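Colleague: Quick one: structure below, then a few questions.
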Amino acid sequence: MRGAITKLKGFADLYGPELAIFKTQEVTAREIFARYGYDELRPPLLESTSLFQRGIGQETDVVQKEMFTFQDSKGRSMSLRPEATAGVLRAAIEAGLAKPDQITRLFTIGPMFRHERPQKGRMRQFHQINAECLGSDSPYADADLIAMLLHFLDALGIHDLNLKINSLGCGSCRPKYLAELRRFLDAQPEDSLCDDCKRRRQSNPLRVLDCKICTEQIAEAPRLREFLCEDCSRHFETVLALLNESGICYELEDRLVRGLDYYMRTTFEVVSGRIGSQTAVAGGGRYDGLVEELGGVKAPGAGFACGMERLALLMQAPEVSKPDFFILGLAEPCREAGFLLAGKLRAQGYSGLLNYASGSMKSLMRQVSRSRARYCLILGPEELAGGKIAVRNMETGEQVESSLECVAEFLKS
Ligand code: HAM
């Protein structure tokens with residue numbers, strides 16, 4: 001026998017209860033997002049690497065360390081998408097949907113790929129439910145997105161979550177803050193920062209703020225919110241006021257800078273204390289320059305993504321529905337009659353199975369109970385000759401005889 005081929009590290013086969021939970025998430029997202037006017041868009045999983053370099057940022061961990069990138073036979077560099085936003089915006093630009101004077105609301109559901117160290121809640125192939133609102137820079141768009149995210153999580157029955165929120169400012173106020181932050185970081189003793197942060201201090205100082213290693217060193221770092229310009233302050237205050245008015249609780253989080261470079265103004269994350277060290281179940285924010293950066297017109301935007309594996313850790317599998325019938329055809333002409341009866345019942349909307357081969361009554365009944373069917377319909381030569389069928393209620397064990405024509409009456413109950 002040849003050795004079995006197994007799945008790759010950080011990749012999972014989805015089936016059974018976990019798949020059932022994923023389907024619940026998908027159905028619920030479609031239902032809730034439709035109430036907010038979102039349409040589905042499905043971009044490809046593979047894109048030009050330059051899309052992510054330009055969209056997510058050359059200096060981010062995602063682009064520098066985590067993409068599955070390869071060259072095709074013509075030497076073009078392509079990458080499996082590490083997130084959906086860049087691809088959705090590229091597709092929206094190509095389809096003429098990203099316009100400054102028109103609001104376009106899009107959602108997408110599917111797998112993403114990041115070459116991270118796998119652990120609980122962190123996979124190399126994981127799945128996101130992603131929403132993007134293009135064409136508005138209003139704080140109402142941010143608040144509506146957050147409200148939709150929380151509505152969705154509530155509809156999934158997940159309640160004990162915390163919303164963290166911050167503002168990253170804009171192109172006019174952030175540079176002043178970055179200069180101040182660099183000054184602060186430069187004043188720290190050379191060896192007090194981790195190797196990544198020593199590099200980021202110059203290339204991307206904002207990212208030092210959410211380093212898990214350097215928390216003590218940056219405790220006294222200047223706060224971005226104190227540097228916001230008037231427009232950014234007003235924008236953020238309106239978002240917070242709308243959340244307050246809607247009864248949405250949040251925590252202001254100075255260090256919430258997010259790992260992708262396109263964010264400006266509002267950023268947010270929803271975290272859970274019940275799923276281990278990877279606490280973020282969803283994250284998002286505003287990215288007003290991104291459509292232009294990707295070659296589109298000046299169209300602002302904001303969005304979020306939920307991690308489906310992490311949401312699944314907080315959900316119970318739904319009850320699996322039972323088939324209505326299992327038809328046991330005991331000998332050859334009976335099996336064929338059973339096959340035809342199964343077809344008729346399914347056409348009437350009932351679900352059910354039948355035996356494909358004969359066997360001992362014991363092994364056939366094992367098949368029936370494994371199927372969890374509500375009724376076992378037994379068709380032997382005697383029944384067939386009389387146009388009848390035995391109907392056994394698998395829950396009570398009660399068995400009666402029915403005419404072949406009327407058997408559907410039993411399944412109705
Ligand atoms: P993100 O924070 O990188 O944002 O990912 C969003 C969510 O995806 C995370 O909160 C987490 O639940 C899940 N996630 C991320 N990486 C993994 C992983 N390796 N394994 C399992 N789950 C993971 C984005 O991707 C942005 N594109 C969100 C966005 C949309 N911003 C604006 N629009």
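Identifiers in the structure tokens: chain A, B, ... in order shown; residue index from 1 per chain; ligand index from 1 in order shown.
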Give me the residues near Ala221 in chain A as a list in words, where near means some atom within 10 Å (using only C-alpha atoms) and where sequence neighbours in that chain fewer than 5 positions away do not count.

Modeller: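 Answer for this query is Glu180, Leu181, Arg182, Arg183, Phe184, Leu185, Leu209, Glu216 and Arg255 of chain A.
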
Colleague: Keeping only C-alpha atoms, write those residues as a short mmCIF file (atom, residue, chain, number, x, y, z; two decimals), in the first residue's frame.

Modeller:
data_model
loop_
_atom_site.label_atom_id
_atom_site.label_comp_id
_atom_site.auth_asym_id
_atom_site.auth_seq_id
_atom_site.Cartn_x
_atom_site.Cartn_y
_atom_site.Cartn_z
CA GLU A 180 6.41 62.90 17.75
CA LEU A 181 6.22 59.09 18.03
CA ARG A 182 9.59 58.69 16.27
CA ARG A 183 11.09 61.20 18.71
CA PHE A 184 9.73 59.14 21.59
CA LEU A 185 10.99 55.84 20.13
CA LEU A 209 2.19 50.49 19.10
CA GLU A 216 6.11 48.24 28.62
CA ARG A 255 -3.06 51.18 20.51
#

Colleague: At a cut-off of 7 Å around ligand 1, and using only C-alpha atoms and all ligand atoms, what residues come up? Please write them as a VMD selection string.

Modeller: chain A and resid 83 to 85 114 116 121 to 128 130 to 132 258 to 260 269 280 to 286 302 to 310

Colleague: If you run DSSP on this backbone, which residues of range 252-294 of chain A come out as strand (DSSP E or B), and could you give them as an mmCIF file with N, CA and C atoms, in the first residue's frame?

Modeller:
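The resulting file, out_12.cif, is shown below:
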data_model
loop_
_atom_site.group_PDB
_atom_site.id
_atom_site.type_symbol
_atom_site.label_atom_id
_atom_site.label_comp_id
_atom_site.auth_asym_id
_atom_site.auth_seq_id
_atom_site.Cartn_x
_atom_site.Cartn_y
_atom_site.Cartn_z
ATOM 1 N N LEU A 252 -12.479 52.785 24.033
ATOM 2 C CA LEU A 252 -11.500 53.535 23.238
ATOM 3 C C LEU A 252 -10.154 52.857 23.428
ATOM 4 N N MET A 264 -7.167 54.764 7.814
ATOM 5 C CA MET A 264 -7.084 56.138 8.308
ATOM 6 C C MET A 264 -8.375 56.367 9.112
ATOM 7 N N ARG A 265 -8.406 57.397 9.893
ATOM 8 C CA ARG A 265 -9.575 57.689 10.749
ATOM 9 C C ARG A 265 -10.042 56.442 11.528
ATOM 10 N N THR A 266 -11.328 56.118 11.450
ATOM 11 C CA THR A 266 -11.872 55.075 12.331
ATOM 12 C C THR A 266 -11.243 53.694 12.088
ATOM 13 N N THR A 267 -10.777 53.051 13.166
ATOM 14 C CA THR A 267 -10.427 51.626 13.099
ATOM 15 C C THR A 267 -11.120 50.940 14.267
ATOM 16 N N PHE A 268 -11.444 49.669 14.080
ATOM 17 C CA PHE A 268 -12.126 48.958 15.173
ATOM 18 C C PHE A 268 -11.832 47.464 15.119
ATOM 19 N N GLU A 269 -11.990 46.833 16.257
ATOM 20 C CA GLU A 269 -11.877 45.372 16.346
ATOM 21 C C GLU A 269 -12.925 44.869 17.319
ATOM 22 N N VAL A 270 -13.401 43.656 17.074
ATOM 23 C CA VAL A 270 -14.288 43.011 18.032
ATOM 24 C C VAL A 270 -13.508 41.827 18.597
ATOM 25 N N VAL A 271 -13.384 41.781 19.925
ATOM 26 C CA VAL A 271 -12.550 40.744 20.535
ATOM 27 C C VAL A 271 -13.369 39.897 21.509
ATOM 28 N N ALA A 280 -9.087 38.482 18.324
ATOM 29 C CA ALA A 280 -9.903 39.308 17.413
ATOM 30 C C ALA A 280 -10.796 38.430 16.540
ATOM 31 N N VAL A 281 -12.105 38.599 16.654
ATOM 32 C CA VAL A 281 -13.018 37.855 15.764
ATOM 33 C C VAL A 281 -13.363 38.680 14.535
ATOM 34 N N ALA A 282 -13.160 40.000 14.620
ATOM 35 C CA ALA A 282 -13.443 40.855 13.459
ATOM 36 C C ALA A 282 -12.625 42.130 13.575
ATOM 37 N N GLY A 283 -12.334 42.727 12.423
ATOM 38 C CA GLY A 283 -11.583 43.981 12.448
ATOM 39 C C GLY A 283 -11.857 44.768 11.188
ATOM 40 N N GLY A 284 -11.711 46.073 11.288
ATOM 41 C CA GLY A 284 -11.944 46.873 10.088
ATOM 42 C C GLY A 284 -11.678 48.333 10.325
ATOM 43 N N GLY A 285 -12.132 49.145 9.388
ATOM 44 C CA GLY A 285 -11.938 50.579 9.517
ATOM 45 C C GLY A 285 -12.074 51.285 8.185
ATOM 46 N N ARG A 286 -11.709 52.566 8.221
ATOM 47 C CA ARG A 286 -11.856 53.451 7.055
ATOM 48 C C ARG A 286 -10.553 53.501 6.265
#

Colleague: Using only C-alpha atoms, can you tell me which of A:Ser277, A:Glu59, A:Ile248, A:Asp288 comes closest to Asp196 in chain A?

Modeller: A:Glu59

Colleague: Need to verify the contact set: Ser203 in chain A, 12 Å, only C-alpha atoms, exclusion of same-chain residues closer than 4 positions in sequence. Can you return it as a list in words?

Modeller: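 Contacts, in chain order: Gly57, Gln58, Glu59, Thr60, Leu178, Arg182, Asp196, Cys197, Lys198, Arg199, Arg207, Val208 and Asp261 of chain A.
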
Colleague: Could you jot down the CA of Phe325 in chain A to CA of Gly352 in chain A separation for me, Å, one decimal place?

Modeller: 4.6 Å

Colleague: I'd like the neighbourhood of range 16-18 of chain A as a list of chain:residue names, where a residue qualifies if any of its atoms comes within 10 Å (using only C-alpha atoms), though same-chain residues fewer than 3 positions away should be ignored.

Modeller: A:Asp13, A:Ile21, A:Phe22, A:Lys23, A:Thr24, A:Glu309, A:Ala312, A:Leu313, A:Met315, A:Gln316, A:Ala317, A:Pro318, A:Glu319, A:Val320

Colleague: Let's have the selection written as a short mmCIF file (atom, residue, chain, number, x, y, z; two decimals), in the first residue's frame, with C-alpha atoms.

Modeller:
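Result saved to part25.cif:
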data_model
loop_
_atom_site.label_atom_id
_atom_site.label_comp_id
_atom_site.auth_asym_id
_atom_site.auth_seq_id
_atom_site.Cartn_x
_atom_site.Cartn_y
_atom_site.Cartn_z
CA ASP A 13 -10.79 19.99 5.63
CA ILE A 21 -21.50 26.27 11.70
CA PHE A 22 -19.83 27.93 8.69
CA LYS A 23 -23.06 27.54 6.70
CA THR A 24 -25.04 29.14 9.53
CA GLU A 309 -12.87 29.96 12.26
CA ALA A 312 -16.96 29.07 14.99
CA LEU A 313 -15.11 28.68 18.32
CA MET A 315 -20.85 28.79 18.30
CA GLN A 316 -22.65 25.47 18.77
CA ALA A 317 -23.29 23.28 15.73
CA PRO A 318 -26.95 23.51 14.62
CA GLU A 319 -29.12 20.37 14.83
CA VAL A 320 -28.69 18.26 11.73
#

Colleague: Name all residues at most 6 Å from range 376-379 of chain A (count only C-alpha atoms; drop same-chain ones fewer than 6 positions away) and give them as a PyMOL selection string.

Modeller: chain A and resi 325-329+334+389-392

Colleague: So that I can see what lies close to Met67 in chain A, please list as a PyMOL selection string the residues with an atom at most 7 Å from it, counting only C-alpha atoms and leaving out residues fewer than 5 positions away in the same chain.

Modeller: chain A and resi 62+79-80+82+114-115

Colleague: Closest to Lys65 in chain A among A:Arg117, A:Tyr350, A:Tyr36, A:Ala29, using only C-alpha atoms?

Modeller: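 Going through A:Arg117, A:Tyr350, A:Tyr36, A:Ala29 one by one, the smallest distance to Lys65 in chain A is for A:Arg117.
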
Colleague: Let me make sure I understand: among A:Glu253, A:Glu398, A:Glu245, A:Glu405, which one has the smallest atom-to-atom distance to Ala143 in chain A if we use only C-alpha atoms?

Modeller: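 The answer is A:Glu245, which sits nearest to Ala143 in chain A.
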
Colleague: As a ChimeraX atom specification, list the residues of range 150-383 of chain A assigned to helix (DSSP H, G or I) by DSSP on the backbone atoms of this structure.

Modeller: /A:150-155,174-186,190-192,195-203,205-210,224-227,230-245,290-293,308-312,332-347,361-371,381-383

Colleague: Name the residues in contact with range 293-297 of chain A at a cut-off of 9 Å, using only C-alpha atoms, excluding same-chain residues fewer than 2 positions from it; report them as a list in words.

Modeller: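 Listed by chain and then number, they are Leu51, Arg54, Gly55, Ala86, Leu89, Arg90, Ile93, Glu94, Gly96, Ala98, Lys99, Pro100, Gly289, Leu290, Val291 and Ala299 of chain A.
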
Colleague: For the atom pair CA of Gly387 in chain A and CA of Arg370 in chain A, what is the interatomic distance in Å to one decimal place?

Modeller: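 Taking CA of Gly387 in chain A and CA of Arg370 in chain A, their separation equals 27.8 Å.
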